[in-house]
$ cat entry_10.pdb   # PDB, C-alpha atoms, pLDDT in the B column
ATOM      1  CA  MET A   1      19.488 190.684-184.377  1.00 75.00           C
ATOM      2  CA  LEU A   2      20.453 193.963-182.692  1.00 82.00           C
ATOM      3  CA  GLY A   3      17.003 195.398-183.444  1.00 80.00           C
ATOM      4  CA  PHE A   4      15.404 192.332-181.823  1.00 82.00           C
ATOM      5  CA  LEU A   5      17.583 192.747-178.704  1.00 87.00           C
ATOM      6  CA  PHE A   6      16.849 196.478-178.517  1.00 89.00           C
ATOM      7  CA  ALA A   7      13.078 195.868-178.763  1.00 85.00           C
ATOM      8  CA  LEU A   8      13.287 193.240-176.029  1.00 86.00           C
ATOM      9  CA  THR A   9      15.334 195.611-173.827  1.00 93.00           C
ATOM     10  CA  SER A  10      12.806 198.396-174.390  1.00 90.00           C
ATOM     11  CA  ALA A  11       9.902 196.098-173.330  1.00 89.00           C
ATOM     12  CA  LEU A  12      11.829 195.111-170.213  1.00 92.00           C
ATOM     13  CA  LEU A  13      12.645 198.721-169.329  1.00 93.00           C
ATOM     14  CA  PHE A  14       9.045 199.895-169.943  1.00 92.00           C
ATOM     15  CA  GLY A  15       7.690 197.080-167.798  1.00 91.00           C
ATOM     16  CA  VAL A  16      10.161 197.588-164.934  1.00 93.00           C
ATOM     17  CA  SER A  17       9.590 201.360-165.082  1.00 93.00           C
ATOM     18  CA  ALA A  18       5.789 200.951-164.692  1.00 92.00           C
ATOM     19  CA  VAL A  19       6.264 198.485-161.804  1.00 92.00           C
ATOM     20  CA  MET A  20       8.639 200.911-160.059  1.00 93.00           C
ATOM     21  CA  GLN A  21       6.167 203.775-160.538  1.00 92.00           C
ATOM     22  CA  LYS A  22       3.393 201.700-158.987  1.00 91.00           C
ATOM     23  CA  TYR A  23       5.695 200.602-156.155  1.00 91.00           C
ATOM     24  CA  SER A  24       6.745 204.174-155.329  1.00 89.00           C
ATOM     25  CA  MET A  25       3.062 205.120-154.884  1.00 87.00           C
ATOM     26  CA  LYS A  26       2.335 202.142-152.654  1.00 82.00           C
ATOM     27  CA  HIS A  27       2.460 204.105-149.400  1.00 79.00           C
ATOM     28  CA  MET A  28       0.957 207.316-150.721  1.00 83.00           C
ATOM     29  CA  ARG A  29      -2.448 208.153-149.271  1.00 84.00           C
ATOM     30  CA  LYS A  30      -3.322 210.980-151.644  1.00 87.00           C
ATOM     31  CA  PHE A  31      -2.035 211.502-155.185  1.00 86.00           C
ATOM     32  CA  SER A  32       0.293 214.465-155.527  1.00 85.00           C
ATOM     33  CA  VAL A  33       2.476 215.238-158.573  1.00 85.00           C
ATOM     34  CA  LYS A  34       4.774 217.343-156.353  1.00 86.00           C
ATOM     35  CA  ARG A  35       5.358 214.408-154.014  1.00 87.00           C
ATOM     36  CA  ILE A  36       6.055 211.799-156.669  1.00 88.00           C
ATOM     37  CA  ILE A  37       8.445 214.125-158.514  1.00 88.00           C
ATOM     38  CA  ASN A  38      10.533 214.350-155.346  1.00 89.00           C
ATOM     39  CA  MET A  39      10.752 210.567-154.895  1.00 89.00           C
ATOM     40  CA  ARG A  40      14.156 209.157-155.893  1.00 91.00           C
ATOM     41  CA  PHE A  41      12.698 205.761-156.754  1.00 91.00           C
ATOM     42  CA  TRP A  42      10.086 207.377-159.040  1.00 92.00           C
ATOM     43  CA  GLN A  43      12.771 209.541-160.694  1.00 93.00           C
ATOM     44  CA  LEU A  44      14.787 206.387-161.400  1.00 94.00           C
ATOM     45  CA  SER A  45      11.686 204.719-162.881  1.00 93.00           C
ATOM     46  CA  VAL A  46      11.180 207.669-165.260  1.00 93.00           C
ATOM     47  CA  LEU A  47      14.840 207.439-166.302  1.00 95.00           C
ATOM     48  CA  LEU A  48      14.358 203.736-167.046  1.00 95.00           C
ATOM     49  CA  GLY A  49      11.225 204.601-169.050  1.00 92.00           C
ATOM     50  CA  LEU A  50      13.188 207.145-171.074  1.00 91.00           C
ATOM     51  CA  GLY A  51      15.873 204.474-171.595  1.00 93.00           C
ATOM     52  CA  GLY A  52      13.110 202.188-172.860  1.00 91.00           C
ATOM     53  CA  MET A  53      12.001 204.908-175.284  1.00 86.00           C
ATOM     54  CA  PHE A  54      15.589 205.254-176.559  1.00 88.00           C
ATOM     55  CA  PHE A  55      15.895 201.497-177.155  1.00 89.00           C
ATOM     56  CA  TYR A  56      12.423 201.439-178.786  1.00 85.00           C
ATOM     57  CA  LEU A  57      13.384 204.188-181.266  1.00 81.00           C
ATOM     58  CA  ALA A  58      16.756 202.510-181.937  1.00 84.00           C
ATOM     59  CA  ALA A  59      14.974 199.183-182.535  1.00 84.00           C
ATOM     60  CA  MET A  60      12.579 200.911-184.956  1.00 77.00           C
ATOM     61  CA  ARG A  61      15.594 202.159-186.964  1.00 77.00           C
ATOM     62  CA  LEU A  62      17.245 198.724-187.045  1.00 81.00           C
ATOM     63  CA  ALA A  63      14.295 196.353-187.420  1.00 77.00           C
ATOM     64  CA  ASN A  64      10.869 196.203-188.999  1.00 74.00           C
ATOM     65  CA  ILE A  65       7.835 197.429-187.041  1.00 70.00           C
ATOM     66  CA  ALA A  66       6.433 193.892-187.419  1.00 69.00           C
ATOM     67  CA  VAL A  67       9.240 192.705-185.138  1.00 73.00           C
ATOM     68  CA  VAL A  68       9.489 195.685-182.796  1.00 77.00           C
ATOM     69  CA  GLN A  69       5.823 196.265-181.907  1.00 74.00           C
ATOM     70  CA  PRO A  70       4.945 192.708-180.782  1.00 75.00           C
ATOM     71  CA  LEU A  71       8.123 192.548-178.680  1.00 78.00           C
ATOM     72  CA  ALA A  72       7.397 195.960-177.144  1.00 78.00           C
ATOM     73  CA  SER A  73       3.934 194.745-176.137  1.00 79.00           C
ATOM     74  CA  LEU A  74       5.655 192.169-173.914  1.00 81.00           C
ATOM     75  CA  SER A  75       5.734 194.925-171.288  1.00 85.00           C
ATOM     76  CA  ILE A  76       2.030 194.063-170.731  1.00 84.00           C
ATOM     77  CA  VAL A  77       3.003 190.520-169.786  1.00 84.00           C
ATOM     78  CA  ILE A  78       5.890 191.736-167.595  1.00 85.00           C
ATOM     79  CA  THR A  79       3.643 194.142-165.647  1.00 87.00           C
ATOM     80  CA  SER A  80       0.914 191.504-165.261  1.00 85.00           C
ATOM     81  CA  ILE A  81       3.366 188.966-163.833  1.00 85.00           C
ATOM     82  CA  ALA A  82       4.882 191.652-161.572  1.00 87.00           C
ATOM     83  CA  GLY A  83       1.375 192.672-160.480  1.00 86.00           C
ATOM     84  CA  HIS A  84       0.734 189.089-159.437  1.00 85.00           C
ATOM     85  CA  LEU A  85       4.103 188.438-157.788  1.00 88.00           C
ATOM     86  CA  ILE A  86       4.875 191.815-156.182  1.00 89.00           C
ATOM     87  CA  PHE A  87       1.457 193.356-155.544  1.00 87.00           C
ATOM     88  CA  ASN A  88      -0.529 190.118-155.026  1.00 86.00           C
ATOM     89  CA  GLU A  89      -3.027 191.046-157.732  1.00 83.00           C
ATOM     90  CA  LYS A  90      -5.451 188.381-158.933  1.00 80.00           C
ATOM     91  CA  ILE A  91      -5.085 187.949-162.676  1.00 73.00           C
ATOM     92  CA  ASP A  92      -6.444 184.433-163.234  1.00 70.00           C
ATOM     93  CA  THR A  93      -9.423 185.478-165.377  1.00 70.00           C
ATOM     94  CA  MET A  94      -7.498 188.295-167.036  1.00 76.00           C
ATOM     95  CA  TRP A  95      -4.909 186.051-168.727  1.00 82.00           C
ATOM     96  CA  PHE A  96      -7.178 185.296-171.673  1.00 85.00           C
ATOM     97  CA  HIS A  97      -7.718 189.003-172.370  1.00 83.00           C
ATOM     98  CA  ILE A  98      -4.037 189.856-171.918  1.00 83.00           C
ATOM     99  CA  ILE A  99      -3.092 187.126-174.446  1.00 87.00           C
ATOM    100  CA  LEU A 100      -5.836 188.446-176.769  1.00 86.00           C
ATOM    101  CA  ILE A 101      -4.265 191.937-176.650  1.00 84.00           C
ATOM    102  CA  VAL A 102      -0.728 190.616-177.313  1.00 85.00           C
ATOM    103  CA  VAL A 103      -1.921 188.484-180.297  1.00 88.00           C
ATOM    104  CA  GLY A 104      -3.898 191.518-181.532  1.00 86.00           C
ATOM    105  CA  VAL A 105      -0.738 193.663-181.418  1.00 83.00           C
ATOM    106  CA  VAL A 106       1.148 190.978-183.390  1.00 83.00           C
ATOM    107  CA  LEU A 107      -1.586 190.951-186.079  1.00 85.00           C
ATOM    108  CA  LEU A 108      -1.655 194.756-186.178  1.00 79.00           C
ATOM    109  CA  SER A 109       2.053 194.915-186.947  1.00 76.00           C
ATOM    110  CA  LEU A 110       1.908 192.406-189.831  1.00 76.00           C
TER
ATOM    111  CA  MET B   1     -14.909 205.966-162.268  1.00 55.00           C
ATOM    112  CA  LYS B   2     -11.548 204.223-161.951  1.00 67.00           C
ATOM    113  CA  ILE B   3     -11.391 203.246-165.615  1.00 76.00           C
ATOM    114  CA  GLN B   4     -11.559 206.861-166.815  1.00 83.00           C
ATOM    115  CA  GLU B   5      -7.912 207.700-165.995  1.00 87.00           C
ATOM    116  CA  SER B   6      -6.634 204.699-167.976  1.00 88.00           C
ATOM    117  CA  VAL B   7      -8.840 205.554-170.979  1.00 89.00           C
ATOM    118  CA  VAL B   8      -7.797 209.238-170.934  1.00 92.00           C
ATOM    119  CA  SER B   9      -4.123 208.281-170.589  1.00 92.00           C
ATOM    120  CA  GLY B  10      -4.219 205.700-173.409  1.00 91.00           C
ATOM    121  CA  THR B  11      -6.109 208.049-175.742  1.00 92.00           C
ATOM    122  CA  ALA B  12      -3.794 211.021-175.042  1.00 93.00           C
ATOM    123  CA  LEU B  13      -0.669 208.894-175.570  1.00 90.00           C
ATOM    124  CA  GLY B  14      -2.207 207.401-178.747  1.00 88.00           C
ATOM    125  CA  ILE B  15      -3.062 210.835-180.220  1.00 92.00           C
ATOM    126  CA  SER B  16       0.407 212.043-179.220  1.00 89.00           C
ATOM    127  CA  ALA B  17       1.999 209.095-181.095  1.00 85.00           C
ATOM    128  CA  PHE B  18      -0.188 209.855-184.155  1.00 87.00           C
ATOM    129  CA  ILE B  19       0.923 213.526-184.136  1.00 87.00           C
ATOM    130  CA  ALA B  20       4.598 212.514-183.754  1.00 82.00           C
ATOM    131  CA  ARG B  21       4.244 210.174-186.710  1.00 78.00           C
ATOM    132  CA  THR B  22       2.572 212.901-188.810  1.00 81.00           C
ATOM    133  CA  VAL B  23       5.224 215.513-187.933  1.00 80.00           C
ATOM    134  CA  MET B  24       8.164 213.181-188.606  1.00 74.00           C
ATOM    135  CA  LYS B  25       6.722 211.591-191.754  1.00 72.00           C
ATOM    136  CA  ASP B  26       8.567 213.810-194.247  1.00 67.00           C
ATOM    137  CA  MET B  27      11.703 214.345-192.176  1.00 67.00           C
ATOM    138  CA  THR B  28      14.993 212.570-192.770  1.00 65.00           C
ATOM    139  CA  ALA B  29      16.210 210.796-189.653  1.00 61.00           C
ATOM    140  CA  GLY B  30      19.136 212.216-187.744  1.00 64.00           C
ATOM    141  CA  ILE B  31      20.081 215.046-185.436  1.00 64.00           C
ATOM    142  CA  SER B  32      19.430 217.564-188.244  1.00 68.00           C
ATOM    143  CA  MET B  33      15.677 216.924-187.939  1.00 71.00           C
ATOM    144  CA  LEU B  34      15.577 218.383-184.414  1.00 74.00           C
ATOM    145  CA  PRO B  35      15.267 222.110-185.361  1.00 78.00           C
ATOM    146  CA  ALA B  36      12.542 221.354-187.919  1.00 75.00           C
ATOM    147  CA  PHE B  37      10.750 219.199-185.356  1.00 75.00           C
ATOM    148  CA  LEU B  38      10.863 221.894-182.642  1.00 79.00           C
ATOM    149  CA  LEU B  39       9.729 224.634-185.038  1.00 82.00           C
ATOM    150  CA  ASN B  40       6.566 222.748-185.918  1.00 83.00           C
ATOM    151  CA  PRO B  41       3.657 223.822-183.626  1.00 86.00           C
ATOM    152  CA  LEU B  42       2.288 220.271-183.791  1.00 85.00           C
ATOM    153  CA  SER B  43       5.447 219.027-182.053  1.00 85.00           C
ATOM    154  CA  TRP B  44       4.584 221.099-178.983  1.00 89.00           C
ATOM    155  CA  PHE B  45       1.055 219.696-179.054  1.00 90.00           C
ATOM    156  CA  PHE B  46       2.624 216.215-179.168  1.00 88.00           C
ATOM    157  CA  MET B  47       4.763 216.962-176.108  1.00 90.00           C
ATOM    158  CA  VAL B  48       1.914 218.543-174.090  1.00 93.00           C
ATOM    159  CA  LEU B  49      -0.382 215.592-174.871  1.00 93.00           C
ATOM    160  CA  GLY B  50       2.403 213.155-174.004  1.00 91.00           C
ATOM    161  CA  VAL B  51       2.925 214.759-170.581  1.00 93.00           C
ATOM    162  CA  TYR B  52      -0.868 214.936-170.021  1.00 94.00           C
ATOM    163  CA  GLY B  53      -1.196 211.226-170.836  1.00 93.00           C
ATOM    164  CA  PHE B  54       1.767 210.386-168.593  1.00 92.00           C
ATOM    165  CA  ILE B  55       0.270 212.276-165.608  1.00 92.00           C
ATOM    166  CA  HIS B  56      -3.049 210.460-166.076  1.00 93.00           C
ATOM    167  CA  LEU B  57      -1.105 207.180-166.224  1.00 93.00           C
ATOM    168  CA  GLN B  58       0.412 208.015-162.835  1.00 93.00           C
ATOM    169  CA  VAL B  59      -3.051 208.779-161.398  1.00 92.00           C
ATOM    170  CA  ALA B  60      -4.390 205.511-162.852  1.00 92.00           C
ATOM    171  CA  LEU B  61      -1.454 203.567-161.363  1.00 91.00           C
ATOM    172  CA  PHE B  62      -2.117 205.223-158.012  1.00 92.00           C
ATOM    173  CA  LYS B  63      -5.819 204.335-158.017  1.00 89.00           C
ATOM    174  CA  GLU B  64      -5.854 200.946-159.745  1.00 87.00           C
ATOM    175  CA  ARG B  65      -4.065 197.617-160.091  1.00 87.00           C
ATOM    176  CA  ILE B  66      -1.034 197.607-162.414  1.00 88.00           C
ATOM    177  CA  SER B  67      -2.234 194.437-164.184  1.00 83.00           C
ATOM    178  CA  TYR B  68      -5.406 196.361-165.069  1.00 84.00           C
ATOM    179  CA  VAL B  69      -3.941 199.772-165.996  1.00 89.00           C
ATOM    180  CA  ILE B  70      -0.968 198.837-168.211  1.00 89.00           C
ATOM    181  CA  PRO B  71      -2.812 196.447-170.612  1.00 85.00           C
ATOM    182  CA  LEU B  72      -5.623 199.014-170.991  1.00 86.00           C
ATOM    183  CA  VAL B  73      -3.353 202.021-171.568  1.00 90.00           C
ATOM    184  CA  THR B  74      -1.007 200.105-173.917  1.00 86.00           C
ATOM    185  CA  ALA B  75      -3.875 198.656-175.980  1.00 85.00           C
ATOM    186  CA  ILE B  76      -5.712 201.979-176.350  1.00 88.00           C
ATOM    187  CA  SER B  77      -2.500 203.856-177.189  1.00 86.00           C
ATOM    188  CA  ILE B  78      -1.700 201.305-179.932  1.00 83.00           C
ATOM    189  CA  VAL B  79      -5.185 201.248-181.496  1.00 85.00           C
ATOM    190  CA  THR B  80      -5.803 205.046-181.407  1.00 88.00           C
ATOM    191  CA  PRO B  81      -3.101 206.064-183.982  1.00 85.00           C
ATOM    192  CA  VAL B  82      -4.250 203.309-186.364  1.00 83.00           C
ATOM    193  CA  VAL B  83      -7.908 204.411-186.145  1.00 86.00           C
ATOM    194  CA  LEU B  84      -6.883 208.087-186.566  1.00 87.00           C
ATOM    195  CA  SER B  85      -4.790 207.173-189.639  1.00 84.00           C
ATOM    196  CA  VAL B  86      -7.836 205.506-191.200  1.00 85.00           C
ATOM    197  CA  VAL B  87     -10.282 208.311-190.318  1.00 87.00           C
ATOM    198  CA  LEU B  88      -8.092 211.389-190.930  1.00 87.00           C
ATOM    199  CA  MET B  89      -5.452 210.233-193.443  1.00 82.00           C
ATOM    200  CA  ASP B  90      -7.599 207.741-195.360  1.00 82.00           C
ATOM    201  CA  GLU B  91      -4.950 205.053-194.881  1.00 81.00           C
ATOM    202  CA  PHE B  92      -5.663 201.479-195.944  1.00 84.00           C
ATOM    203  CA  VAL B  93      -5.856 198.874-193.187  1.00 82.00           C
ATOM    204  CA  SER B  94      -5.744 195.214-194.226  1.00 87.00           C
ATOM    205  CA  PRO B  95      -8.344 192.696-192.939  1.00 90.00           C
ATOM    206  CA  VAL B  96      -5.628 191.044-190.786  1.00 89.00           C
ATOM    207  CA  LYS B  97      -4.961 194.370-189.074  1.00 85.00           C
ATOM    208  CA  TRP B  98      -8.695 194.897-188.502  1.00 87.00           C
ATOM    209  CA  LEU B  99      -8.764 191.446-186.915  1.00 91.00           C
ATOM    210  CA  GLY B 100      -5.873 192.568-184.688  1.00 87.00           C
ATOM    211  CA  ILE B 101      -7.785 195.746-183.718  1.00 85.00           C
ATOM    212  CA  GLY B 102     -10.855 193.629-182.966  1.00 87.00           C
ATOM    213  CA  MET B 103      -8.833 191.303-180.746  1.00 88.00           C
ATOM    214  CA  ILE B 104      -7.203 194.216-178.893  1.00 84.00           C
ATOM    215  CA  LEU B 105     -10.577 195.884-178.299  1.00 83.00           C
ATOM    216  CA  THR B 106     -12.116 192.597-177.112  1.00 85.00           C
ATOM    217  CA  GLY B 107      -9.201 192.200-174.698  1.00 83.00           C
ATOM    218  CA  VAL B 108      -9.614 195.784-173.482  1.00 78.00           C
ATOM    219  CA  VAL B 109     -13.364 195.316-172.901  1.00 78.00           C
ATOM    220  CA  GLY B 110     -12.695 191.988-171.166  1.00 79.00           C
ATOM    221  CA  ILE B 111     -10.127 193.465-168.803  1.00 75.00           C
ATOM    222  CA  SER B 112     -12.191 196.547-168.053  1.00 69.00           C
ATOM    223  CA  LYS B 113     -15.403 194.624-167.396  1.00 69.00           C
ATOM    224  CA  ARG B 114     -15.227 193.285-163.884  1.00 60.00           C
ATOM    225  CA  LYS B 115     -17.845 192.162-161.468  1.00 52.00           C
ATOM    226  CA  GLY B 116     -19.900 195.120-160.284  1.00 54.00           C
ATOM    227  CA  GLU B 117     -18.091 197.573-162.588  1.00 56.00           C
ATOM    228  CA  LYS B 118     -19.082 199.197-165.849  1.00 59.00           C
ATOM    229  CA  SER B 119     -17.433 198.126-169.110  1.00 59.00           C
ATOM    230  CA  ILE B 120     -15.084 200.519-170.910  1.00 59.00           C
ATOM    231  CA  PHE B 121     -17.768 201.548-173.436  1.00 60.00           C
ATOM    232  CA  THR B 122     -20.458 202.148-170.780  1.00 65.00           C
ATOM    233  CA  ALA B 123     -17.950 204.217-168.793  1.00 62.00           C
ATOM    234  CA  ALA B 124     -16.975 206.234-171.898  1.00 61.00           C
ATOM    235  CA  ALA B 125     -20.668 206.806-172.833  1.00 63.00           C
ATOM    236  CA  LEU B 126     -21.536 207.931-169.295  1.00 64.00           C
ATOM    237  CA  SER B 127     -18.503 210.206-169.225  1.00 60.00           C
ATOM    238  CA  LEU B 128     -19.554 211.833-172.553  1.00 59.00           C
ATOM    239  CA  LYS B 129     -23.177 212.181-171.361  1.00 65.00           C
ATOM    240  CA  LYS B 130     -21.927 213.947-168.239  1.00 64.00           C
ATOM    241  CA  GLN B 131     -19.804 216.325-170.355  1.00 58.00           C
ATOM    242  CA  PHE B 132     -22.720 217.405-172.569  1.00 62.00           C
ATOM    243  CA  ARG B 133     -25.327 217.675-169.816  1.00 62.00           C
TER
END
$ encode --input "entry_10.pdb" --output "structure tokens"
Amino acid sequence: MLGFLFALTSALLFGVSAVMQKYSMKHMRKFSVKRIINMRFWQLSVLLGLGGMFFYLAAMRLANIAVVQPLASLSIVITSIAGHLIFNEKIDTMWFHIILIVVGVVLLSL
Amino acid sequence: MKIQESVVSGTALGISAFIARTVMKDMTAGISMLPAFLLNPLSWFFMVLGVYGFIHLQVALFKERISYVIPLVTAISIVTPVVLSVVLMDEFVSPVKWLGIGMILTGVVGISKRKGEKSIFTAAALSLKKQFR
């Protein structure tokens, strides 16, 4: 049960971290590693990502990969929903392919 | 080509995960494995590739939509270690897992192929052609 919860937490943290990274670059005109490293919001997103990694590794110790990997792939769904709700991205035709990837990950971990 | 950053990031993170798995395979879990892990030259390769993949992920996120980048990078980084295990370590992959790989790749191609843009395989082939020209 704890492994399941940890895997779910890791997916949530990975997803939120990616959304925060995208959000912190929203007003950037030109990509610069130096600039993003100095952004507090980006730094926080990396910390959340590292937290996600910690929970992922802990979940791998407590539960089977067949449970952990499919749950971790939920970050794809989280980022897609966030992309639609926060960044107004059109994902209507992409849903089928996103579901295909998630089912594929489930089969791969069997 | 916008897709290139996502492909490079996913592949680098996938190879990095494969190396980490190879390095840690014979180690017993716990804090005692840290010195052995750091002394292995492959561990440094794993870290450099991980950072390289992460930087490319940031560039991809900057240039492209998040609902396009994350599924692509995640899918490629999951499939790459499995394919490397089969090719380099001669590991057995069951038909169900091959079906899973097929579904992931179909999803990746589907997401990457958008109106007026090249598919992931065309982009990869063009990128390779450019490298060897």
$ closest_atom_pairs --input "entry_10.pdb" --of "chain A" --to "chain B" --cutoff "8 Å" --atoms "all atoms listed in the file" --output "tab-separated table"
residue	atom	partner	partner_atom	distance
A:Ala18	CA	B:Ile70	CA	7.9
A:Val19	CA	B:Ile66	CA	7.4
A:Gln21	CA	B:Gln58	CA	7.5
A:Lys22	CA	B:Leu61	CA	5.7
A:Met25	CA	B:Phe62	CA	6.1
A:Lys26	CA	B:Phe62	CA	7.6
A:Phe31	CA	B:Val59	CA	6.9
A:Val33	CA	B:Ile55	CA	7.9
A:Ser73	CA	B:Thr74	CA	7.6
A:Ile76	CA	B:Pro71	CA	5.4
A:Thr79	CA	B:Ser67	CA	6.1
A:Ser80	CA	B:Ser67	CA	4.4
A:Ile81	CA	B:Ser67	CA	7.8
A:Gly83	CA	B:Ser67	CA	5.5
A:His84	CA	B:Ser67	CA	7.7
A:Glu89	CA	B:Arg65	CA	7.1
A:Ile91	CA	B:Ser67	CA	7.2
A:Met94	CA	B:Ile111	CA	6.1
A:Phe96	CA	B:Gly107	CA	7.8
A:His97	CA	B:Gly107	CA	4.2
A:Ile98	CA	B:Gly107	CA	6.3
A:Ile99	CA	B:Gly107	CA	7.9
A:Leu100	CA	B:Gly107	CA	5.5
A:Ile101	CA	B:Ile104	CA	4.3
A:Val102	CA	B:Ile104	CA	7.6
A:Val103	CA	B:Gly100	CA	7.2
A:Gly104	CA	B:Gly100	CA	3.9
A:Val105	CA	B:Gly100	CA	6.2
A:Val106	CA	B:Gly100	CA	7.3
A:Leu107	CA	B:Gly100	CA	4.8
A:Leu108	CA	B:Lys97	CA	4.4
A:Ser109	CA	B:Lys97	CA	7.3
A:Leu110	CA	B:Lys97	CA	7.2
$ atom_distance --input "entry_10.pdb" --atom1 "CA of Ile65 (chain A)" --atom2 "CA of Ala7 (chain A)"
9.9 Å
$ residues_near_point --input "entry_10.pdb" --point "(5.1, 213.8, -184.7)" --cutoff "12 Å" --atoms "all atoms listed in the file" --output "number ranges by chain"
B: 13-27, 33-34, 36-47, 49-50, 81
$ resolve_selection --input "entry_10.pdb" --expression "the PyMOL selection byres ((chain A and resi 71) around 12)" --output "VMD selection string"
chain A and resid 3 to 12 14 to 15 55 to 56 59 to 60 63 to 70 72 to 78 102 to 103 105 to 106 109
$ write_last_selection --input "entry_10.pdb" --atoms "C-alpha atoms" --output "mmCIF file, in the coordinates of the input"
data_model
loop_
_atom_site.group_PDB
_atom_site.id
_atom_site.type_symbol
_atom_site.label_atom_id
_atom_site.label_comp_id
_atom_site.auth_asym_id
_atom_site.auth_seq_id
_atom_site.Cartn_x
_atom_site.Cartn_y
_atom_site.Cartn_z
ATOM 1 C CA GLY A 3 17.003 195.398 -183.444
ATOM 2 C CA PHE A 4 15.404 192.332 -181.823
ATOM 3 C CA LEU A 5 17.583 192.747 -178.704
ATOM 4 C CA PHE A 6 16.849 196.478 -178.517
ATOM 5 C CA ALA A 7 13.078 195.868 -178.763
ATOM 6 C CA LEU A 8 13.287 193.240 -176.029
ATOM 7 C CA THR A 9 15.334 195.611 -173.827
ATOM 8 C CA SER A 10 12.806 198.396 -174.390
ATOM 9 C CA ALA A 11 9.902 196.098 -173.330
ATOM 10 C CA LEU A 12 11.829 195.111 -170.213
ATOM 11 C CA PHE A 14 9.045 199.895 -169.943
ATOM 12 C CA GLY A 15 7.690 197.080 -167.798
ATOM 13 C CA PHE A 55 15.895 201.497 -177.155
ATOM 14 C CA TYR A 56 12.423 201.439 -178.786
ATOM 15 C CA ALA A 59 14.974 199.183 -182.535
ATOM 16 C CA MET A 60 12.579 200.911 -184.956
ATOM 17 C CA ALA A 63 14.295 196.353 -187.420
ATOM 18 C CA ASN A 64 10.869 196.203 -188.999
ATOM 19 C CA ILE A 65 7.835 197.429 -187.041
ATOM 20 C CA ALA A 66 6.433 193.892 -187.419
ATOM 21 C CA VAL A 67 9.240 192.705 -185.138
ATOM 22 C CA VAL A 68 9.489 195.685 -182.796
ATOM 23 C CA GLN A 69 5.823 196.265 -181.907
ATOM 24 C CA PRO A 70 4.945 192.708 -180.782
ATOM 25 C CA ALA A 72 7.397 195.960 -177.144
ATOM 26 C CA SER A 73 3.934 194.745 -176.137
ATOM 27 C CA LEU A 74 5.655 192.169 -173.914
ATOM 28 C CA SER A 75 5.734 194.925 -171.288
ATOM 29 C CA ILE A 76 2.030 194.063 -170.731
ATOM 30 C CA VAL A 77 3.003 190.520 -169.786
ATOM 31 C CA ILE A 78 5.890 191.736 -167.595
ATOM 32 C CA VAL A 102 -0.728 190.616 -177.313
ATOM 33 C CA VAL A 103 -1.921 188.484 -180.297
ATOM 34 C CA VAL A 105 -0.738 193.663 -181.418
ATOM 35 C CA VAL A 106 1.148 190.978 -183.390
ATOM 36 C CA SER A 109 2.053 194.915 -186.947
#
$ atom_distance --input "entry_10.pdb" --atom1 "CA of Gly53 (chain B)" --atom2 "CA of Ser77 (chain B)"
9.8 Å
$ atom_distance --input "entry_10.pdb" --atom1 "CA of Val83 (chain B)" --atom2 "CA of Ser6 (chain B)"
18.2 Å
$ residues_near_point --input "entry_10.pdb" --point "(9.1, 205.0, -166.7)" --cutoff "6 Å" --atoms "only C-alpha atoms" --output "list of chain:residue names"
A:Ser17, A:Ala18, A:Ser45, A:Val46, A:Leu48, A:Gly49
$ residues_around --input "entry_10.pdb" --residues "Trp42 (chain A)" --least-positions-apart "4" --cutoff "8 Å" --atoms "all atoms listed in the file" --output "number ranges by chain"
A: 20-21, 24, 36-38, 46
$ residues_around --input "entry_10.pdb" --residues "Tyr52 (chain B)" --least-positions-apart "4" --cutoff "8 Å" --atoms "all atoms listed in the file" --output "short mmCIF file (atom, residue, chain, number, x, y, z; two decimals) with C-alpha atoms, keeping the file's coordinate frame"
data_model
loop_
_atom_site.label_atom_id
_atom_site.label_comp_id
_atom_site.auth_asym_id
_atom_site.auth_seq_id
_atom_site.Cartn_x
_atom_site.Cartn_y
_atom_site.Cartn_z
CA SER B 9 -4.12 208.28 -170.59
CA ALA B 12 -3.79 211.02 -175.04
CA VAL B 48 1.91 218.54 -174.09
CA HIS B 56 -3.05 210.46 -166.08
#
